[in-house]
Amino acid sequence: MAGQERLCRVVHPILKWGMLLSLALLISGLLLGMGAGTEMEGTLPLEEIPQGMVDLDPLAFVTLGLLMLIATPLTRVLGALCLFLGEKDWKFALISTVVLSAVVLAILLGTV
Amino acid sequence: MDALVLLVIALLCMSAGTIGALMGIGGGLIIIPLLTLGFGIPMQEAIGASLIGVIATSTGAATKYVKQGLTNVRLALFLEMSTTAGSIVGALIAVYTDQAVLFLLFSALLLYSGYTMLRRTELFFSPEEVKAEAQMVDLSCRYIDPRSSCEVNYGVKGLKKGLAYSSVAGMLSGLLGVGGGLVKVPVMSVCMCVPLKAATATSNFMIGVTALTGAIIFYGHGLLNAYLCAAVALGVFAGAYIGTMLMAKYSSNQLRKGFAILLFIVAASMILKTAGLWGGA
C-alpha cells in the first residue's frame, strides 16, 4: 500500500514543474507575440514546434506551453502508476491502468 | 486578437480559477459564458479555452492541495475510472438524446444535491470505522485543516455507490459538456462521507484528467486558439492560487452553504436556458 506521503512525493513535483514550465513558456510566448505583433490565431501542429522554437516563433512557445499544461494531469497518473508498480500495490496499479486506458480510448474515439 | 483584450480576459478568468479551487469545479460554467457573451468569441473556441482553463484550475490548485493532504489521490484515481468511462459513453450517445430533457433532469439533480447538502451537516468516519470497506479498497486519508490546524483522519464509505454515481456524473458531463465537479463533490461528500474540503480538493484534482481528453481532441483538430487559451490559463492559475489561500479562511460549513447556493444558481440558469430565456451556462 503506497503511503500518502510517498504518493505526494511523486505527484507534487510533477504538478509543480508542469505548472512552472507551462507558465514560463506561455508568458514568454505571449511577450514575444506582443513584441513581434504577429497574427494571434490557431495553434502550431506538433511537428512544427521544434523548428518554431529555434526561430523564436511566439506561437511555438505558446503551443508548447499549452501542451505541457495538458500533459501534466496525464503525467501524474503515470507517475502514480509507476509508484504503485514499484511498491507492488497491484490493486492501485490496476486502477491507474484502467484510468489511463480510458483516457487513451476517449482520445482515440475523439480524433478518429 | 488584441493584447489588451487578452489581458482583460485573463483578469476576468481569475474569478473562474478562484471559485474552481474553492468549490472543486472546473470553472467552465464561468469561462464559457464570459467568452461567448462578453467577448463574442465563437462557442467552439470558447469551449476549447475553457477546457484549458479547467486543467489550469486543477493543476494550479492541486500543487497546494496535494501538499496539504487535502487531495485524496487514491480516491481520485478510484473514481476517475468510472467518470472517464462514463464520459465516453455520454459523448457517444449524446447524438441520440434530447438535450432539453437532459438539461431539465440535470437541473433537478443539482437542486436535489443542493438541498441535501444544505440539510445535512458534515458526517465522517475514522478509518477504523470503515474497516470492511477498506478491505476492498483502502481510501482512508488524512489532512490538516488549513483553517483550524486540526488533523482530520477519515475513512471512505459507500465505494460501490460512489463508483455508480460518478459514472453517471461522467456520463452527464459527456452528454452536456458540463457538470463534472458539480456532481462529484456532493457524491463524495454525501454518499461517501468524505469531509467537504477533501471532497472539493479531490474533485478539483479529478477534473484535470477529465478535461485533458477533450483538450487533446480539440488540439488534434486544430480547434484551440493558442493565445486565447494562454490568456485564460494565466488568469485561472492566478485565480486558483487565490482560491487555495481563501480555503484556509472558510469553514467547511460556510463552503457547504456556498456550494449549495452555486448548485441552485446553475440549476436555475439551466432551466432558464432550456426555456430559451437566457443564453449562458
# chains A, B, ... in the order shown; residues from 1 in each chain; ligands from 1
$ residues_around --residues "Leu26 of chain A" --least-positions-apart "3" --cutoff "7 Å" --atoms "only C-alpha atoms" --output "list in words"
Ser22, Leu23, Gly29, Leu30, Phe61, Val62 and Gly65 of chain A; Ala230 of chain B
$ write_last_selection --atoms "N, CA, C and O atoms" --output "tab-separated table (two decimals), in the first residue's frame"
chain	number	residue	atom	x	y	z
A	22	SER	N	4.97	25.27	-17.95
A	22	SER	CA	3.99	25.80	-18.90
A	22	SER	C	3.80	27.30	-18.69
A	22	SER	O	3.66	28.05	-19.65
A	23	LEU	N	3.84	27.74	-17.44
A	23	LEU	CA	3.75	29.18	-17.17
A	23	LEU	C	4.87	29.94	-17.87
A	23	LEU	O	4.64	30.95	-18.55
A	29	GLY	N	5.98	33.20	-24.62
A	29	GLY	CA	5.31	33.24	-25.92
A	29	GLY	C	4.47	34.48	-26.09
A	29	GLY	O	4.50	35.14	-27.13
A	30	LEU	N	3.71	34.82	-25.03
A	30	LEU	CA	2.84	36.00	-25.11
A	30	LEU	C	3.67	37.28	-25.27
A	30	LEU	O	3.34	38.15	-26.06
A	61	PHE	N	6.07	28.73	-28.80
A	61	PHE	CA	6.21	28.78	-27.34
A	61	PHE	C	4.85	28.57	-26.67
A	61	PHE	O	4.72	27.78	-25.74
A	62	VAL	N	3.84	29.30	-27.15
A	62	VAL	CA	2.52	29.21	-26.53
A	62	VAL	C	1.95	27.80	-26.69
A	62	VAL	O	1.44	27.20	-25.75
A	65	GLY	N	3.64	25.43	-24.42
A	65	GLY	CA	3.17	25.70	-23.06
A	65	GLY	C	1.83	25.05	-22.80
A	65	GLY	O	1.60	24.44	-21.76
B	230	ALA	N	-3.91	30.73	-23.75
B	230	ALA	CA	-2.82	31.15	-22.86
B	230	ALA	C	-3.32	32.20	-21.87
B	230	ALA	O	-3.03	32.14	-20.67
$ interface_residues --of "chain A" --to "chain B" --cutoff "8 Å" --atoms "only C-alpha atoms" --output "JSON, numbers by chain"
{"A": [4, 7, 8, 11, 12, 15, 16, 19, 23, 26, 30, 34, 39, 40, 41, 42, 43, 45, 59, 62, 63, 66, 69, 70, 71, 72, 73, 74, 77, 91, 92, 95, 96, 98, 99, 102, 103, 104, 106, 107, 110, 111]}
$ atom_distance --atom1 "atom CA of Gly235 of chain B" --atom2 "atom CA of Leu11 of chain B"
5.6 Å
$ select_by_dssp --residues "segment 29-249 of chain B" --states "alpha helix (DSSP H)" --output "MDAnalysis selection string"
chainID B and resid 29:33 39 43:68 73:93 99:119 131:136 159:176 180:186 196:220 226:247
$ residues_around --residues "Gly17 of chain B" --least-positions-apart "3" --cutoff "7 Å" --atoms "only C-alpha atoms" --output "MDAnalysis selection string"
chainID B and resid 13:14 20:21 27 57 236:237 239:240
$ write_last_selection --atoms "C-alpha atoms" --output "short mmCIF file (atom, residue, chain, number, x, y, z; two decimals), in the first residue's frame"
data_model
loop_
_atom_site.label_atom_id
_atom_site.label_comp_id
_atom_site.auth_asym_id
_atom_site.auth_seq_id
_atom_site.Cartn_x
_atom_site.Cartn_y
_atom_site.Cartn_z
CA CYS B 13 -10.82 34.47 -15.76
CA MET B 14 -9.16 34.82 -12.36
CA GLY B 20 -12.94 26.48 -9.11
CA ALA B 21 -10.25 26.00 -6.48
CA GLY B 27 -14.93 26.96 -13.99
CA THR B 57 -7.56 25.26 -12.23
CA VAL B 236 -7.00 30.91 -14.00
CA PHE B 237 -3.62 29.95 -12.50
CA GLY B 239 -7.16 32.83 -9.51
CA ALA B 240 -6.63 29.24 -8.37
#
$ residues_around --residues "Ala94 of chain B" --least-positions-apart "5" --cutoff "12 Å" --atoms "only C-alpha atoms" --output "PyMOL selection string"
chain B and resi 86-89+99-100+102+171-177
$ select_by_dssp --residues "segment 45-265 of chain B" --states "strand (DSSP E or B)" --output "count of residues only"
10
$ closest_residue --among "B:Leu104, B:Leu196, B:Leu111, B:Ile47" --to "Gln254 of chain B" --atoms "only C-alpha atoms"
B:Leu196
$ decode --residues "segment 19-46 of chain A" --atoms "C-alpha atoms" --output "mmCIF file, in the first residue's frame"
data_model
loop_
_atom_site.group_PDB
_atom_site.id
_atom_site.type_symbol
_atom_site.label_atom_id
_atom_site.label_comp_id
_atom_site.auth_asym_id
_atom_site.auth_seq_id
_atom_site.Cartn_x
_atom_site.Cartn_y
_atom_site.Cartn_z
ATOM 1 C CA MET A 19 2.791 24.270 -13.916
ATOM 2 C CA LEU A 20 6.040 26.257 -13.764
ATOM 3 C CA LEU A 21 7.258 25.044 -17.168
ATOM 4 C CA SER A 22 3.986 25.799 -18.898
ATOM 5 C CA LEU A 23 3.753 29.182 -17.168
ATOM 6 C CA ALA A 24 7.255 30.093 -18.343
ATOM 7 C CA LEU A 25 6.507 29.021 -21.924
ATOM 8 C CA LEU A 26 3.108 30.747 -22.051
ATOM 9 C CA ILE A 27 4.424 34.022 -20.652
ATOM 10 C CA SER A 28 7.490 34.110 -22.915
ATOM 11 C CA GLY A 29 5.313 33.235 -25.923
ATOM 12 C CA LEU A 30 2.842 36.000 -25.110
ATOM 13 C CA LEU A 31 5.630 38.547 -24.593
ATOM 14 C CA LEU A 32 7.355 37.513 -27.840
ATOM 15 C CA GLY A 33 3.996 37.722 -29.627
ATOM 16 C CA MET A 34 3.309 41.209 -28.341
ATOM 17 C CA GLY A 35 6.806 42.347 -29.340
ATOM 18 C CA ALA A 36 6.501 40.909 -32.836
ATOM 19 C CA GLY A 37 2.887 41.956 -33.286
ATOM 20 C CA THR A 38 2.192 38.756 -35.211
ATOM 21 C CA GLU A 39 -1.212 37.361 -36.064
ATOM 22 C CA MET A 40 -2.508 35.634 -32.941
ATOM 23 C CA GLU A 41 -4.677 32.759 -34.122
ATOM 24 C CA GLY A 42 -4.743 28.949 -34.001
ATOM 25 C CA THR A 43 -2.047 26.579 -32.756
ATOM 26 C CA LEU A 44 1.042 25.027 -34.300
ATOM 27 C CA PRO A 45 0.913 21.318 -35.234
ATOM 28 C CA LEU A 46 3.182 19.088 -33.132
#
